[in-house]
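Note sheet for the following structure.
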Amino acid sequence: MEGTHLMNGIVRRALVAATAAIATAAIFAAPASAGILTVSATDCGDETLTKPFAPFGDQADYKLVRNASFEKGTDGWTLTRGAKVVSGNEPWKVGGASHGKSLVLPAGSSAISPVSCVGLAEPTLRFFAKKNRAALLGISTLAVSVYVKTSLGVVVPVPVGVVLGNGQWKPTPPMLIVANLLPLLPGDRTPVAFQFTPILGDWQIDDVYVDPQRFR
């Protein structure tokens, strides 16, 4: 029986990985010009800046990843295995007093964001997260990765880090994107997508931001 459970777990993880690979290939399907190590961004979308983490002592300007407040649904997001928008917002409502939604990530699910632009001056990712349930001994983490497309056309994942939780909403620490270093040249930017995967539990996320130091 133990072997069966182990095999089922391996199969589930393989299916999630395969789904993520297909999804990211589609996300990066739009044509782009070649950069040094990565493709160069051709359309960076909304660059509106705010200071959402000022209540926590972080005065940096941030831009919201597209539809990452989840108030207008998940257009551009790729969700698997039960990930969905639900009622319930991070309590500080940094995106607006009327906001009331977030994204729930059950165990075994994943969420891949729409494409954002990063470069040498966009070093960090930050968002709000809450661990809802842990499957084993109260231990559960939320894994964060970034997908980047190389100049050879290969989409590769780069680990960003893991989030720990205690059952309460909290802002994550600024997480180094790492992939922002790949373009090398100042001013060059590359399209990336972020993946959120709960490990051994259920999680919720809200208000996903990138820190664009380029605009300061």
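Starting from 1 in every chain, residues are counted up; chains themselves are A, B, ... following the order of the structure tokens, and ligands are numbered from 1 as listed.
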Name all residues at most 7 Å from segment 82-87 of chain A (count only C-alpha atoms; drop same-chain ones fewer than 2 positions away) and give them as a PDB file with N, CA, C and O atoms, in the first residue's frame.
```pdb
ATOM      1  N   PHE A  70      -6.766  39.372  -8.411  1.00  0.00           N
ATOM      2  CA  PHE A  70      -7.824  38.380  -8.597  1.00  0.00           C
ATOM      3  C   PHE A  70      -9.230  38.952  -8.481  1.00  0.00           C
ATOM      4  O   PHE A  70     -10.203  38.198  -8.403  1.00  0.00           O
ATOM      5  N   GLY A  73     -10.981  38.122 -11.932  1.00  0.00           N
ATOM      6  CA  GLY A  73     -10.780  36.769 -12.416  1.00  0.00           C
ATOM      7  C   GLY A  73      -9.322  36.458 -12.641  1.00  0.00           C
ATOM      8  O   GLY A  73      -8.430  37.111 -12.090  1.00  0.00           O
ATOM      9  N   LEU A  79      -4.199  27.689 -14.334  1.00  0.00           N
ATOM     10  CA  LEU A  79      -4.492  27.046 -13.055  1.00  0.00           C
ATOM     11  C   LEU A  79      -4.693  25.549 -13.256  1.00  0.00           C
ATOM     12  O   LEU A  79      -5.295  25.127 -14.244  1.00  0.00           O
ATOM     13  N   THR A  80      -4.199  24.746 -12.312  1.00  0.00           N
ATOM     14  CA  THR A  80      -4.368  23.304 -12.396  1.00  0.00           C
ATOM     15  C   THR A  80      -4.899  22.738 -11.094  1.00  0.00           C
ATOM     16  O   THR A  80      -4.692  23.315 -10.018  1.00  0.00           O
ATOM     17  N   ASN A  89     -10.009  38.287   1.085  1.00  0.00           N
ATOM     18  CA  ASN A  89      -8.857  39.077   0.653  1.00  0.00           C
ATOM     19  C   ASN A  89      -7.818  39.132   1.758  1.00  0.00           C
ATOM     20  O   ASN A  89      -8.132  38.917   2.935  1.00  0.00           O
ATOM     21  N   GLY A 100     -11.998  41.929  -2.396  1.00  0.00           N
ATOM     22  CA  GLY A 100     -12.505  40.857  -1.544  1.00  0.00           C
ATOM     23  C   GLY A 100     -12.244  39.466  -2.085  1.00  0.00           C
ATOM     24  O   GLY A 100     -12.969  38.529  -1.732  1.00  0.00           O
ATOM     25  N   LYS A 101     -11.208  39.288  -2.928  1.00  0.00           N
ATOM     26  CA  LYS A 101     -10.946  37.975  -3.503  1.00  0.00           C
ATOM     27  C   LYS A 101      -9.465  37.625  -3.428  1.00  0.00           C
ATOM     28  O   LYS A 101      -8.606  38.494  -3.279  1.00  0.00           O
ATOM     29  N   SER A 102      -9.198  36.340  -3.550  1.00  0.00           N
ATOM     30  CA  SER A 102      -7.822  35.849  -3.570  1.00  0.00           C
ATOM     31  C   SER A 102      -7.811  34.516  -4.301  1.00  0.00           C
ATOM     32  O   SER A 102      -8.856  34.025  -4.744  1.00  0.00           O
ATOM     33  N   LEU A 103      -6.640  33.913  -4.432  1.00  0.00           N
ATOM     34  CA  LEU A 103      -6.504  32.654  -5.155  1.00  0.00           C
ATOM     35  C   LEU A 103      -6.177  31.541  -4.176  1.00  0.00           C
ATOM     36  O   LEU A 103      -5.206  31.636  -3.423  1.00  0.00           O
ATOM     37  N   VAL A 104      -6.996  30.484  -4.176  1.00  0.00           N
ATOM     38  CA  VAL A 104      -6.740  29.342  -3.305  1.00  0.00           C
ATOM     39  C   VAL A 104      -5.998  28.277  -4.101  1.00  0.00           C
ATOM     40  O   VAL A 104      -6.278  28.044  -5.284  1.00  0.00           O
ATOM     41  N   LEU A 105      -5.015  27.648  -3.445  1.00  0.00           N
ATOM     42  CA  LEU A 105      -4.167  26.644  -4.076  1.00  0.00           C
ATOM     43  C   LEU A 105      -4.226  25.365  -3.243  1.00  0.00           C
ATOM     44  O   LEU A 105      -3.495  25.221  -2.258  1.00  0.00           O
ATOM     45  N   PRO A 106      -5.100  24.426  -3.603  1.00  0.00           N
ATOM     46  CA  PRO A 106      -5.168  23.157  -2.865  1.00  0.00           C
ATOM     47  C   PRO A 106      -3.888  22.340  -3.064  1.00  0.00           C
ATOM     48  O   PRO A 106      -3.126  22.563  -4.008  1.00  0.00           O
ATOM     49  N   SER A 109      -2.075  21.332  -6.567  1.00  0.00           N
ATOM     50  CA  SER A 109      -2.411  22.301  -7.610  1.00  0.00           C
ATOM     51  C   SER A 109      -1.195  23.159  -7.949  1.00  0.00           C
ATOM     52  O   SER A 109      -0.128  23.035  -7.332  1.00  0.00           O
ATOM     53  N   SER A 110      -1.368  24.022  -8.928  1.00  0.00           N
ATOM     54  CA  SER A 110      -0.352  25.031  -9.212  1.00  0.00           C
ATOM     55  C   SER A 110      -1.011  26.188  -9.945  1.00  0.00           C
ATOM     56  O   SER A 110      -2.101  26.048 -10.494  1.00  0.00           O
ATOM     57  N   ALA A 111      -0.349  27.329  -9.938  1.00  0.00           N
ATOM     58  CA  ALA A 111      -0.826  28.508 -10.656  1.00  0.00           C
ATOM     59  C   ALA A 111       0.362  29.167 -11.326  1.00  0.00           C
ATOM     60  O   ALA A 111       1.410  29.363 -10.694  1.00  0.00           O
TER      61      ALA A 111
END
```
> In Å, how far is it from atom CA of Val178 of chain A to atom CA of Asn132 of chain A?
Replying inline: 28.2 Å
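Here atom CA of Pro91 of chain A stands at a distance of 20.0 Å from atom CA of Val210 of chain A.
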> Out of segment 53-121 of chain A, which residues get strand (DSSP E or B) from DSSP, as a PyMOL selection string?
Replying inline: chain A and resi 62-64+78-80+84-87+101-105+110-112+116-119
Could you write out that same residue set with N, CA and C atoms as a compact mmCIF listing (two decimals), in the first residue's frame?
```
# COMPACT_ATOMS: atom_id res chain seq x y z
N TYR A 62 6.16 49.29 -6.50
CA TYR A 62 5.92 47.98 -7.10
C TYR A 62 4.90 48.11 -8.21
N LYS A 63 4.96 47.17 -9.16
CA LYS A 63 3.91 47.05 -10.17
C LYS A 63 3.20 45.71 -9.96
N LEU A 64 1.89 45.72 -10.12
CA LEU A 64 1.08 44.52 -9.92
C LEU A 64 1.21 43.62 -11.14
N THR A 78 -2.69 30.40 -15.65
CA THR A 78 -2.91 28.98 -15.93
C THR A 78 -3.04 28.26 -14.60
N LEU A 79 -4.20 27.69 -14.33
CA LEU A 79 -4.49 27.05 -13.05
C LEU A 79 -4.69 25.55 -13.26
N THR A 80 -4.20 24.75 -12.31
CA THR A 80 -4.37 23.30 -12.40
C THR A 80 -4.90 22.74 -11.09
N LYS A 84 -8.29 28.12 -7.75
CA LYS A 84 -9.41 28.97 -8.19
C LYS A 84 -9.50 30.22 -7.33
N VAL A 85 -10.22 31.21 -7.87
CA VAL A 85 -10.49 32.44 -7.12
C VAL A 85 -11.61 32.19 -6.13
N VAL A 86 -11.43 32.69 -4.90
CA VAL A 86 -12.43 32.53 -3.85
C VAL A 86 -12.65 33.88 -3.15
N SER A 87 -13.71 33.95 -2.39
CA SER A 87 -13.95 35.13 -1.57
C SER A 87 -12.97 35.14 -0.41
N LYS A 101 -11.21 39.29 -2.93
CA LYS A 101 -10.95 37.98 -3.50
C LYS A 101 -9.46 37.62 -3.43
N SER A 102 -9.20 36.34 -3.55
CA SER A 102 -7.82 35.85 -3.57
C SER A 102 -7.81 34.52 -4.30
N LEU A 103 -6.64 33.91 -4.43
CA LEU A 103 -6.50 32.65 -5.16
C LEU A 103 -6.18 31.54 -4.18
N VAL A 104 -7.00 30.48 -4.18
CA VAL A 104 -6.74 29.34 -3.31
C VAL A 104 -6.00 28.28 -4.10
N LEU A 105 -5.02 27.65 -3.44
CA LEU A 105 -4.17 26.64 -4.08
C LEU A 105 -4.23 25.37 -3.24
N SER A 110 -1.37 24.02 -8.93
CA SER A 110 -0.35 25.03 -9.21
C SER A 110 -1.01 26.19 -9.95
N ALA A 111 -0.35 27.33 -9.94
CA ALA A 111 -0.83 28.51 -10.66
C ALA A 111 0.36 29.17 -11.33
N ILE A 112 0.22 29.48 -12.62
CA ILE A 112 1.26 30.17 -13.37
C ILE A 112 0.70 31.52 -13.80
N SER A 116 5.21 38.85 -17.05
CA SER A 116 5.66 40.16 -16.58
C SER A 116 7.04 40.42 -17.16
N CYS A 117 7.44 41.69 -17.15
CA CYS A 117 8.77 42.05 -17.66
C CYS A 117 9.72 42.29 -16.50
N VAL A 118 10.91 41.72 -16.58
CA VAL A 118 11.92 41.98 -15.56
C VAL A 118 13.26 42.21 -16.26
N GLY A 119 14.16 42.87 -15.55
CA GLY A 119 15.50 43.13 -16.05
C GLY A 119 16.43 43.32 -14.87
```
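The residue that comes closest to Pro123 of chain A, out of A:Pro212, A:Gly165, A:Gly95, A:Gly201 and on the basis of only C-alpha atoms, is A:Pro212.
If you count only C-alpha atoms and ignore residues fewer than 2 places along the chain from segment 136-139 of chain A, what sits within 9 Å of it is Arg133, Ala134, Thr141, Leu164, Gly165, Asn166, Ile199, Leu200 and Gly201 of chain A.
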Store the residues picked out above, limited to all heavy atoms, as a PDB file, in the first residue's frame.
```pdb
ATOM      1  N   ARG A 133      -3.931  24.799   5.328  1.00  0.00           N
ATOM      2  CA  ARG A 133      -3.909  23.455   5.901  1.00  0.00           C
ATOM      3  C   ARG A 133      -2.610  22.768   5.537  1.00  0.00           C
ATOM      4  O   ARG A 133      -2.100  22.927   4.430  1.00  0.00           O
ATOM      5  CB  ARG A 133      -5.074  22.622   5.359  1.00  0.00           C
ATOM      6  CG  ARG A 133      -5.211  21.232   5.976  1.00  0.00           C
ATOM      7  CD  ARG A 133      -6.367  20.475   5.333  1.00  0.00           C
ATOM      8  NE  ARG A 133      -6.091  20.182   3.934  1.00  0.00           N
ATOM      9  CZ  ARG A 133      -5.417  19.110   3.514  1.00  0.00           C
ATOM     10  NH1 ARG A 133      -4.932  18.250   4.404  1.00  0.00           N
ATOM     11  NH2 ARG A 133      -5.213  18.890   2.226  1.00  0.00           N
ATOM     12  N   ALA A 134      -2.065  22.029   6.493  1.00  0.00           N
ATOM     13  CA  ALA A 134      -0.870  21.234   6.241  1.00  0.00           C
ATOM     14  C   ALA A 134      -1.235  19.761   6.338  1.00  0.00           C
ATOM     15  O   ALA A 134      -2.001  19.351   7.208  1.00  0.00           O
ATOM     16  CB  ALA A 134       0.225  21.573   7.244  1.00  0.00           C
ATOM     17  N   THR A 141       4.842  24.174   2.777  1.00  0.00           N
ATOM     18  CA  THR A 141       5.474  25.359   2.211  1.00  0.00           C
ATOM     19  C   THR A 141       4.839  25.672   0.860  1.00  0.00           C
ATOM     20  O   THR A 141       4.143  24.835   0.279  1.00  0.00           O
ATOM     21  CB  THR A 141       6.992  25.162   2.022  1.00  0.00           C
ATOM     22  OG1 THR A 141       7.216  24.051   1.146  1.00  0.00           O
ATOM     23  CG2 THR A 141       7.678  24.926   3.350  1.00  0.00           C
ATOM     24  N   LEU A 164       7.025  30.119   4.061  1.00  0.00           N
ATOM     25  CA  LEU A 164       6.546  29.400   5.236  1.00  0.00           C
ATOM     26  C   LEU A 164       5.286  30.080   5.743  1.00  0.00           C
ATOM     27  O   LEU A 164       5.107  31.284   5.551  1.00  0.00           O
ATOM     28  CB  LEU A 164       7.618  29.386   6.328  1.00  0.00           C
ATOM     29  CG  LEU A 164       8.986  28.825   5.926  1.00  0.00           C
ATOM     30  CD1 LEU A 164       9.962  28.951   7.098  1.00  0.00           C
ATOM     31  CD2 LEU A 164       8.860  27.381   5.484  1.00  0.00           C
ATOM     32  N   GLY A 165       4.416  29.327   6.383  1.00  0.00           N
ATOM     33  CA  GLY A 165       3.159  29.912   6.853  1.00  0.00           C
ATOM     34  C   GLY A 165       2.759  29.412   8.224  1.00  0.00           C
ATOM     35  O   GLY A 165       3.176  28.339   8.656  1.00  0.00           O
ATOM     36  N   ASN A 166       1.922  30.201   8.899  1.00  0.00           N
ATOM     37  CA  ASN A 166       1.434  29.821  10.224  1.00  0.00           C
ATOM     38  C   ASN A 166      -0.083  29.888  10.328  1.00  0.00           C
ATOM     39  O   ASN A 166      -0.641  29.936  11.419  1.00  0.00           O
ATOM     40  CB  ASN A 166       2.061  30.711  11.302  1.00  0.00           C
ATOM     41  CG  ASN A 166       1.716  32.182  11.102  1.00  0.00           C
ATOM     42  OD1 ASN A 166       0.960  32.539  10.194  1.00  0.00           O
ATOM     43  ND2 ASN A 166       2.275  33.036  11.945  1.00  0.00           N
ATOM     44  N   ILE A 199       3.242  22.777  -1.299  1.00  0.00           N
ATOM     45  CA  ILE A 199       3.879  21.505  -0.978  1.00  0.00           C
ATOM     46  C   ILE A 199       3.281  20.972   0.322  1.00  0.00           C
ATOM     47  O   ILE A 199       3.383  21.605   1.372  1.00  0.00           O
ATOM     48  CB  ILE A 199       5.405  21.677  -0.811  1.00  0.00           C
ATOM     49  CG1 ILE A 199       6.015  22.384  -2.030  1.00  0.00           C
ATOM     50  CG2 ILE A 199       6.062  20.321  -0.576  1.00  0.00           C
ATOM     51  CD1 ILE A 199       5.848  21.654  -3.333  1.00  0.00           C
ATOM     52  N   LEU A 200       2.611  19.835   0.258  1.00  0.00           N
ATOM     53  CA  LEU A 200       2.041  19.160   1.430  1.00  0.00           C
ATOM     54  C   LEU A 200       1.003  20.001   2.162  1.00  0.00           C
ATOM     55  O   LEU A 200       0.957  20.015   3.395  1.00  0.00           O
ATOM     56  CB  LEU A 200       3.148  18.751   2.420  1.00  0.00           C
ATOM     57  CG  LEU A 200       4.197  17.774   1.892  1.00  0.00           C
ATOM     58  CD1 LEU A 200       5.272  17.541   2.943  1.00  0.00           C
ATOM     59  CD2 LEU A 200       3.549  16.454   1.508  1.00  0.00           C
ATOM     60  N   GLY A 201       0.171  20.722   1.426  1.00  0.00           N
ATOM     61  CA  GLY A 201      -0.874  21.493   2.092  1.00  0.00           C
ATOM     62  C   GLY A 201      -1.629  22.396   1.146  1.00  0.00           C
ATOM     63  O   GLY A 201      -1.396  22.388  -0.064  1.00  0.00           O
TER      64      GLY A 201
END
```
>> Excluding segment 65-67 of chain A and its own-chain neighbours fewer than 2 positions away, which residues fall within 8 Å of it when counting only C-alpha atoms? Please give them as a PyMOL selection string.
In response: chain A and resi 46+63+69-76+113-116+208-210
